[in-house]
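First the structure, in the form of structure tokens, and then the observations on it.
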Amino acid sequence: MNCLQVARVLQSYLDGETDEVTARRVAAHLEDCRRCGLEATLYEEIKNALARRQQPDELTLHRLRDFGAALLEEPPPDEEADGA
Ligand SMILES: [Zn+2]
């Protein structure tokens, strides 16, 4: 899985809605990739804030939006290939 694929399923993954194979691939990627690990953390923060019925904090939303924009504008190097 690359970062873009992870980004697409990340919310489902955090909600426990992905199948087991996908969940394992995402988890493996999150361990290796700081960038996606950070995004997962941001989603968790937002989810937790919503669970507490609070607004997600402004800074978190900005970071998340920047992350998405960066992914679209500048595809990261192929991080999955470094095992070869
Ligand atoms: Zn990644």
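Ordering of the structure tokens sets the chain letters (A, B, ...), residue numbers begin anew at 1 in every chain, and ligands are numbered from 1 in the order given.
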Exercise for review: Could the residues that lie within 7 Å of ligand 1, counting only C-alpha atoms and all ligand atoms, be listed as a PyMOL selection string?
Suggested key: chain A and resi 2-3+6+29-30+33-36
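Our summary of the geometry notes that CA of Val9 in chain A is positioned 8.2 Å from CA of Val26 in chain A.
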Exercise for review: Report the residues of chain A whose backbone DSSP state falls under alpha helix (DSSP H), written as a ChimeraX atom specification.
Suggested key: /A:3-14,20-32,34-51,58-73
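One distance worth recording is that between CA of Phe67 in chain A and CA of Ala51 in chain A, which is 22.9 Å.
By only C-alpha atoms, and with residues fewer than 6 positions from range 14-17 of chain A along its chain excluded, the set lying at most 12 Å from it is Val6, Ala7, Arg8, Ala23, Arg24, Val26, Ala27, Leu30, Gly37, Glu39, Ala40, Thr41, Leu42, Tyr43, Glu44, Glu45, Ile46, Lys47 and Asn48 of chain A.
Across the model, the gap from CA of Asp19 in chain A to CA of Arg53 in chain A is 28.4 Å.
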